[in-house]
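Asker: Right, I'll just put the structure down here and ask away after.
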Amino acid sequence: MTITRRDVLLGATATAALVPLAARAQTSEVVIGVIYPFSGGSAQQGVDAQKAYETALEVINKDTDFDLPLAKGEGLPGLGGAKVRLVFADHQADPQKGRAEAERLITQEKVAAIIGTYQSAVAVTVSQICERYQIPFVSADNSSPSLHRRGLKYYFRAAPHDEMYSAAMFDFFDAMKKKGTKIETLSLFHEDTIFGTDSGNAQAKIAGERGYKIVTDIKYRANSPSLSAEVQQLKTANANVLMPSSYTTDGILLVKTMAELGYKPNAIVAQDAGFSEKALYDAVGDKLEGVISRGTFSLDLAQKRPMVGKINDMFKARSGKDFNDLTSRQFMGLIILADAISRAKSTDGEKIRDALAATDIPGEQTIMPWKRVKFDEMGQNNDADPVLLQYVGGKFVTIFPPQAAIAEAIWPMK
């Protein structure tokens, strides 16, 4: 029997059809989708996030001398040194736009995984799309505790959520009370998206369990044009501690309105978000000497772990800023995701998901003060230890917990 060139071509095509698409795909490059607000009122958060991810990309794709996953050698060793490429998408702080952009990244850009998103409300829709397509989603900087409790198989978060952060705040209050500080009453102030709502609920629950009295609990409309009525309520209540959960624009408006109405609480202990952003302190930092914010990152750690300072310098060269609580989580989120893809030795969504589930990275191999990175059955890392930071002399210093602190808390704030 004579075998023609056409027979050979047909046979090759049939054989290729039997090979899984992931195995046939080129592995010289792995594409990851990065979805953030790059326009609108939260655009600066997107710009800062991009710089954080580009810093992580340099660690992954180049040979660097850090004690981090993938830092030594170039690219992903599990995929023959394949380089990571990032595709950025703008969700404009709109959950439905986030949904559409996630679908576009998966179906058109053919991403192996997605990471994001700053706003927790957007993470809800993006993670649902990823679940439908069986594409891993790494929730780098979203803190709403309800996100990992929806039964999603492809959702992962390495950083703490707001119940963990809030517990750290109340641990701090308890410690201060033992030293004789009067902390009996609290005012909760939170925006009305999933971030603020979850934060307020967590704080109210822990306050009840620990015996603190909430004298006012205000849920305000996010991006409100005025907060005068709400601040007047806070002033009248005059709690020992004000606990805001607000993004940057709202945080600036809150502080300006407090100054206009002459409201000066003994202490502000904030749920990060806007109160970790340079833009807020550029605008109203003169009114916030001594404000306390929760976090997961402390540049003070560079004293014990020199690579933290070196990596911060890399980020600062790109952004003109030091790492903060958000950008540090973004940096580590991409390192953790890329490490899982390398260990999966595949761009197949299910294999990457299984590799993420098997992650076990010692805290010393991160830039964070965490015990380790290990996900539970819901995709949450419960070993990400929060810290409390106080804004003193134009910078943040770690004041809690004692094992991480480099300074005593200033109370009341100036």
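Each chain of the structure tokens is named A, B, ... in the order shown, its residues numbered from 1; ligands are numbered from 1 in display order.
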Taking the backbone alone, and naming residues the way the document does, which bits of segment 208-291 of chain A are alpha helix (DSSP H) by DSSP, as a PyMOL selection string?
Answerer: chain A and resi 208-210+228-237+248-261+278-284
Asker: What are the closest atom pairs, with distances in Å to one decimal, for all residues of segment 361-412 of chain A lying within 9 Å of segment 168-181 of chain A? Consider only C-alpha atoms, order rows by chain and residue number, and present the result as a tab-separated table.
Answerer:
residue	atom	partner	partner_atom	distance
A:Asp385	CA	A:Ala168	CA	8.7
A:Pro386	CA	A:Ala168	CA	6.6
A:Val387	CA	A:Ala168	CA	7.3
A:Leu388	CA	A:Met169	CA	7.4
A:Phe400	CA	A:Phe172	CA	6.9
A:Pro401	CA	A:Phe172	CA	7.5
A:Ala409	CA	A:Met176	CA	8.9
A:Trp411	CA	A:Thr181	CA	8.2
Asker: Would you mind telling me which residue in A:Ser120, A:Ser127, A:Ser39, A:Thr366 lies nearest to Asp90 of chain A when using only C-alpha atoms?
Answerer: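 Using only C-alpha atoms, Asp90 of chain A sits closest to A:Ser39.
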Asker: Between atom CA of Lys316 of chain A and atom CA of Glu54 of chain A, what is the distance, to one decimal in Å?
Answerer: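 Atom-to-atom, atom CA of Lys316 of chain A and atom CA of Glu54 of chain A are spaced 11.6 Å apart.
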Asker: Using only C-alpha atoms, which of A:Lys304, A:Lys256, A:Lys72, A:Arg318 sits nearest Ser226 of chain A?
Answerer: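 Residue with the minimum atom-to-atom distance to Ser226 of chain A: A:Lys256.
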Asker: With distances taken over only C-alpha atoms, which of A:Glu131, A:Asp198, A:Asp325, A:Glu184 is nearest to Ser146 of chain A?
Answerer: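 With only C-alpha atoms as the atom set, the closest residue is A:Asp198.
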Asker: If you run DSSP on this backbone, which residues of segment 108-237 of chain A come out as strand (DSSP E), and could you give them as a list of chain:residue names?
Answerer: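 These are the residues in question: A:Ala113, A:Ile114, A:Ile115, A:Gly116, A:Phe137, A:Val138, A:Ser139, A:Tyr155, A:Phe156, A:Thr185, A:Leu186, A:Ser187, A:Leu188, A:Phe189, A:His190, A:Glu191, A:Lys213, A:Ile214, A:Val215, A:Thr216, A:Asp217, A:Ile218, A:Lys219, A:Tyr220.
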Asker: From the set A:Phe156, A:Ala100, A:Thr197, A:Gly394, which residue has the shortest atom-to-atom contact distance to Gly285 of chain A, counting only C-alpha atoms?
Answerer: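 Once distances to Gly285 of chain A are computed over only C-alpha atoms, the minimum belongs to A:Gly394.
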Asker: Using only C-alpha atoms, which protein or nucleic acid residues come within 12 Å of Ala357 of chain A? Drop anything in the same chain fewer than 2 positions from it, and give the result as a short mmCIF file (atom, residue, chain, number, x, y, z; two decimals) with N, CA, C and O atoms, in the first residue's frame.
Answerer:
data_model
loop_
_atom_site.label_atom_id
_atom_site.label_comp_id
_atom_site.auth_asym_id
_atom_site.auth_seq_id
_atom_site.Cartn_x
_atom_site.Cartn_y
_atom_site.Cartn_z
N PRO A 136 -8.26 29.41 37.91
CA PRO A 136 -7.98 29.89 39.27
C PRO A 136 -8.04 31.41 39.39
O PRO A 136 -7.59 32.13 38.48
N VAL A 138 -6.87 34.34 42.13
CA VAL A 138 -6.16 34.69 43.36
C VAL A 138 -6.62 36.08 43.79
O VAL A 138 -6.45 37.06 43.08
N LYS A 153 -14.40 26.49 44.25
CA LYS A 153 -13.25 25.58 44.21
C LYS A 153 -11.99 26.27 43.71
O LYS A 153 -10.87 25.86 44.05
N TYR A 154 -12.14 27.34 42.93
CA TYR A 154 -11.01 27.97 42.26
C TYR A 154 -10.62 29.31 42.89
O TYR A 154 -9.85 30.07 42.30
N TYR A 155 -11.12 29.61 44.07
CA TYR A 155 -10.84 30.87 44.76
C TYR A 155 -9.76 30.66 45.82
O TYR A 155 -9.83 29.73 46.62
N PHE A 156 -8.74 31.57 45.83
CA PHE A 156 -7.65 31.48 46.81
C PHE A 156 -7.27 32.88 47.30
O PHE A 156 -7.20 33.83 46.51
N ARG A 157 -7.03 32.99 48.61
CA ARG A 157 -6.58 34.26 49.21
C ARG A 157 -5.47 33.96 50.21
O ARG A 157 -5.68 33.27 51.21
N ALA A 158 -4.29 34.54 49.98
CA ALA A 158 -3.15 34.31 50.87
C ALA A 158 -3.14 35.26 52.05
O ALA A 158 -2.57 34.95 53.10
N ILE A 336 3.04 33.77 44.57
CA ILE A 336 2.38 32.53 45.01
C ILE A 336 1.68 31.84 43.84
O ILE A 336 1.77 30.62 43.67
N LEU A 337 0.99 32.63 43.01
CA LEU A 337 0.30 32.06 41.85
C LEU A 337 1.28 31.47 40.85
O LEU A 337 1.09 30.34 40.36
N ASP A 339 4.29 30.41 41.35
CA ASP A 339 4.90 29.22 41.95
C ASP A 339 4.00 28.01 41.76
O ASP A 339 4.47 26.91 41.45
N ALA A 340 2.69 28.20 41.95
CA ALA A 340 1.74 27.09 41.77
C ALA A 340 1.70 26.63 40.32
O ALA A 340 1.66 25.42 40.04
N ILE A 341 1.73 27.57 39.37
CA ILE A 341 1.72 27.20 37.95
C ILE A 341 2.97 26.40 37.62
O ILE A 341 2.91 25.40 36.89
N ARG A 343 4.74 24.55 39.72
CA ARG A 343 4.63 23.22 40.34
C ARG A 343 3.59 22.36 39.62
O ARG A 343 3.71 21.12 39.61
N ALA A 344 2.58 22.99 39.04
CA ALA A 344 1.58 22.23 38.27
C ALA A 344 2.16 21.68 36.98
O ALA A 344 1.62 20.72 36.41
N GLU A 350 -7.39 23.19 36.17
CA GLU A 350 -7.59 22.26 37.28
C GLU A 350 -6.26 21.87 37.92
O GLU A 350 -6.16 21.77 39.15
N LYS A 351 -5.22 21.69 37.10
CA LYS A 351 -3.91 21.33 37.65
C LYS A 351 -3.31 22.49 38.44
O LYS A 351 -2.69 22.28 39.48
N ILE A 352 -3.52 23.72 37.95
CA ILE A 352 -3.04 24.88 38.70
C ILE A 352 -3.80 25.00 40.01
O ILE A 352 -3.22 25.28 41.07
N ARG A 353 -5.09 24.75 39.94
CA ARG A 353 -5.93 24.80 41.16
C ARG A 353 -5.42 23.80 42.20
O ARG A 353 -5.31 24.12 43.38
N ASP A 354 -5.10 22.58 41.76
CA ASP A 354 -4.61 21.56 42.69
C ASP A 354 -3.26 21.96 43.27
O ASP A 354 -2.98 21.70 44.45
N ALA A 355 -2.41 22.59 42.46
CA ALA A 355 -1.10 23.04 42.95
C ALA A 355 -1.26 24.16 43.96
O ALA A 355 -0.55 24.21 44.97
N THR A 359 -0.13 24.34 48.20
CA THR A 359 0.90 25.34 48.55
C THR A 359 1.26 25.25 50.04
O THR A 359 0.38 25.15 50.89
N ASP A 360 2.54 25.33 50.33
CA ASP A 360 3.02 25.39 51.71
C ASP A 360 4.35 26.13 51.69
O ASP A 360 5.41 25.53 51.54
N ILE A 361 4.30 27.46 51.85
CA ILE A 361 5.48 28.31 51.77
C ILE A 361 5.77 28.87 53.15
O ILE A 361 4.91 29.51 53.75
N VAL A 373 2.25 30.30 54.11
CA VAL A 373 1.14 30.37 53.16
C VAL A 373 0.66 28.94 52.92
O VAL A 373 1.37 28.13 52.32
N LYS A 374 -0.50 28.64 53.43
CA LYS A 374 -1.11 27.31 53.27
C LYS A 374 -2.61 27.51 53.29
O LYS A 374 -3.16 28.07 54.24
N PHE A 375 -3.28 27.04 52.25
CA PHE A 375 -4.71 27.30 52.10
C PHE A 375 -5.56 26.21 52.73
O PHE A 375 -5.23 25.02 52.63
N ASP A 376 -6.67 26.63 53.35
CA ASP A 376 -7.62 25.64 53.87
C ASP A 376 -8.55 25.19 52.75
O ASP A 376 -8.37 25.56 51.58
N GLU A 377 -9.55 24.39 53.10
CA GLU A 377 -10.42 23.81 52.06
C GLU A 377 -11.27 24.86 51.36
O GLU A 377 -11.84 24.60 50.29
N MET A 378 -11.34 26.08 51.90
CA MET A 378 -12.09 27.16 51.25
C MET A 378 -11.17 28.13 50.51
O MET A 378 -11.63 29.14 49.99
N GLY A 379 -9.88 27.83 50.47
CA GLY A 379 -8.95 28.68 49.75
C GLY A 379 -8.41 29.85 50.54
O GLY A 379 -7.82 30.77 49.97
N GLN A 380 -8.57 29.83 51.87
CA GLN A 380 -8.10 30.91 52.72
C GLN A 380 -6.83 30.50 53.46
O GLN A 380 -6.76 29.40 54.01
N ASN A 381 -5.84 31.39 53.49
CA ASN A 381 -4.65 31.18 54.31
C ASN A 381 -4.92 31.74 55.70
O ASN A 381 -5.08 32.95 55.88
#
Asker: I'd like to know which of A:Glu163, A:Asp67, A:Asp272, A:Glu58 is closest to Asp141 of chain A, using only C-alpha atoms.
Answerer: A:Asp272
Asker: Choose the residue, out of A:Ser42, A:Ser346, A:Asn266, A:Gln203, that has the smallest atom-to-atom separation from Asn223 of chain A; count only C-alpha atoms.
Answerer: A:Ser42
Asker: Kindly give the distance, in Å, that separates atom CA of Ile406 of chain A and atom CA of Tyr165 of chain A, rounded to a single decimal.
Answerer: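 Atom-to-atom, atom CA of Ile406 of chain A and atom CA of Tyr165 of chain A are spaced 19.2 Å apart.
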Asker: Residues within 12 Å of Asp48 of chain A, please, as a list in words. Count only C-alpha atoms; anything in the same chain fewer than 6 positions from it doesn't count.
Answerer: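 The residues satisfying every condition are Tyr36, Pro37, Phe38, Ser42, Glu54, Thr55, Tyr118, Glu277, Lys278, Ala279, Phe315, Lys316, Arg318, Ser319, Gly320, Lys321, Asp322, Phe323, Asn324, Asp325, Leu326, Thr327, Ser328, Arg329, Gln330 and Phe331 of chain A.
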Asker: One decimal, in Å: what's the spacing between atom CA of Leu261 of chain A and atom CA of Tyr212 of chain A?
Answerer: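 Interatomic distance here is 26.1 Å.
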Asker: Quick one: residues within 12 Å of Asp286 of chain A, only C-alpha atoms, excluding same-chain residues fewer than 3 positions away - as a ChimeraX atom specification?
Answerer: /A:252,255-256,259,280-283,289-291,391-395,414
Asker: Grab the residues selected above and save them as a PDB file, in the first residue's frame with C-alpha atoms.
Answerer:
ATOM      1  CA  ILE A 252     -10.250  62.012  52.551  1.00  0.00           C
ATOM      2  CA  VAL A 255     -11.104  63.551  57.595  1.00  0.00           C
ATOM      3  CA  LYS A 256     -11.788  66.942  55.974  1.00  0.00           C
ATOM      4  CA  ALA A 259     -11.794  69.006  60.752  1.00  0.00           C
ATOM      5  CA  LEU A 280      -4.922  60.101  51.508  1.00  0.00           C
ATOM      6  CA  TYR A 281      -1.904  61.205  53.542  1.00  0.00           C
ATOM      7  CA  ASP A 282      -0.805  63.622  50.818  1.00  0.00           C
ATOM      8  CA  ALA A 283      -4.250  65.225  51.094  1.00  0.00           C
ATOM      9  CA  GLU A 289      -0.743  62.170  63.183  1.00  0.00           C
ATOM     10  CA  GLY A 290      -1.126  59.042  65.288  1.00  0.00           C
ATOM     11  CA  VAL A 291      -3.844  57.310  63.228  1.00  0.00           C
ATOM     12  CA  TYR A 391       1.310  56.969  61.340  1.00  0.00           C
ATOM     13  CA  VAL A 392       4.051  58.932  63.126  1.00  0.00           C
ATOM     14  CA  GLY A 393       6.233  61.662  61.648  1.00  0.00           C
ATOM     15  CA  GLY A 394       5.127  60.986  58.087  1.00  0.00           C
ATOM     16  CA  LYS A 395       5.621  57.213  58.106  1.00  0.00           C
ATOM     17  CA  LYS A 414      -2.168  64.044  68.492  1.00  0.00           C
TER      18      LYS A 414
END
Asker: Do you know which residues are at most 9 Å from Gly73 of chain A counting only C-alpha atoms, after dropping those on the same chain fewer than 6 positions away, and could you put them as a PyMOL selection string?
Answerer: chain A and resi 60-65+81
Asker: With all heavy atoms retained, could you export that selection as a PDB file, in the first residue's frame?
Answerer:
ATOM      1  N   ILE A  60      10.220  36.884  39.086  1.00  0.00           N
ATOM      2  CA  ILE A  60       9.863  35.599  38.482  1.00  0.00           C
ATOM      3  C   ILE A  60      10.651  35.331  37.206  1.00  0.00           C
ATOM      4  O   ILE A  60      11.201  34.240  37.008  1.00  0.00           O
ATOM      5  CB  ILE A  60       8.347  35.552  38.188  1.00  0.00           C
ATOM      6  CG1 ILE A  60       7.550  35.591  39.495  1.00  0.00           C
ATOM      7  CG2 ILE A  60       7.991  34.322  37.360  1.00  0.00           C
ATOM      8  CD1 ILE A  60       6.087  35.962  39.304  1.00  0.00           C
ATOM      9  N   ASN A  61      10.711  36.316  36.327  1.00  0.00           N
ATOM     10  CA  ASN A  61      11.269  36.097  34.987  1.00  0.00           C
ATOM     11  C   ASN A  61      12.778  36.266  34.907  1.00  0.00           C
ATOM     12  O   ASN A  61      13.409  35.803  33.956  1.00  0.00           O
ATOM     13  CB  ASN A  61      10.606  37.038  33.978  1.00  0.00           C
ATOM     14  CG  ASN A  61       9.197  36.587  33.600  1.00  0.00           C
ATOM     15  OD1 ASN A  61       8.829  35.437  33.828  1.00  0.00           O
ATOM     16  ND2 ASN A  61       8.421  37.482  33.026  1.00  0.00           N
ATOM     17  N   LYS A  62      13.379  36.935  35.897  1.00  0.00           N
ATOM     18  CA  LYS A  62      14.828  37.140  35.897  1.00  0.00           C
ATOM     19  C   LYS A  62      15.467  36.355  37.039  1.00  0.00           C
ATOM     20  O   LYS A  62      14.792  35.908  37.958  1.00  0.00           O
ATOM     21  CB  LYS A  62      15.151  38.632  36.005  1.00  0.00           C
ATOM     22  CG  LYS A  62      14.680  39.441  34.802  1.00  0.00           C
ATOM     23  CD  LYS A  62      15.099  40.901  34.917  1.00  0.00           C
ATOM     24  CE  LYS A  62      14.653  41.695  33.689  1.00  0.00           C
ATOM     25  NZ  LYS A  62      15.071  43.130  33.786  1.00  0.00           N
ATOM     26  N   ASP A  63      16.760  36.218  36.986  1.00  0.00           N
ATOM     27  CA  ASP A  63      17.501  35.507  38.027  1.00  0.00           C
ATOM     28  C   ASP A  63      17.873  36.510  39.119  1.00  0.00           C
ATOM     29  O   ASP A  63      18.710  37.394  38.917  1.00  0.00           O
ATOM     30  CB  ASP A  63      18.767  34.883  37.427  1.00  0.00           C
ATOM     31  CG  ASP A  63      19.514  34.003  38.420  1.00  0.00           C
ATOM     32  OD1 ASP A  63      18.981  33.766  39.525  1.00  0.00           O
ATOM     33  OD2 ASP A  63      20.628  33.559  38.100  1.00  0.00           O
ATOM     34  N   THR A  64      17.219  36.393  40.279  1.00  0.00           N
ATOM     35  CA  THR A  64      17.486  37.315  41.390  1.00  0.00           C
ATOM     36  C   THR A  64      17.918  36.518  42.617  1.00  0.00           C
ATOM     37  O   THR A  64      17.623  35.329  42.745  1.00  0.00           O
ATOM     38  CB  THR A  64      16.233  38.149  41.733  1.00  0.00           C
ATOM     39  OG1 THR A  64      15.149  37.270  42.051  1.00  0.00           O
ATOM     40  CG2 THR A  64      15.836  39.047  40.568  1.00  0.00           C
ATOM     41  N   ASP A  65      18.574  37.182  43.533  1.00  0.00           N
ATOM     42  CA  ASP A  65      19.156  36.485  44.686  1.00  0.00           C
ATOM     43  C   ASP A  65      18.312  36.715  45.940  1.00  0.00           C
ATOM     44  O   ASP A  65      18.782  37.264  46.929  1.00  0.00           O
ATOM     45  CB  ASP A  65      20.589  36.978  44.914  1.00  0.00           C
ATOM     46  CG  ASP A  65      21.318  36.139  45.958  1.00  0.00           C
ATOM     47  OD1 ASP A  65      20.942  34.965  46.121  1.00  0.00           O
ATOM     48  OD2 ASP A  65      22.225  36.669  46.616  1.00  0.00           O
ATOM     49  N   GLY A  81      11.320  26.833  32.093  1.00  0.00           N
ATOM     50  CA  GLY A  81      11.777  28.221  32.062  1.00  0.00           C
ATOM     51  C   GLY A  81      10.843  29.175  31.361  1.00  0.00           C
ATOM     52  O   GLY A  81      11.231  30.305  31.018  1.00  0.00           O
TER      53      GLY A  81
END
Asker: Would you kindly return, as a ChimeraX atom specification, each protein, DNA or RNA residue with an atom no farther than 10 Å from any atom of Ala207 of chain A, considering only C-alpha atoms and excluding same-chain residues fewer than 3 positions away?
Answerer: /A:166-167,170,184-186,201-204,210-214
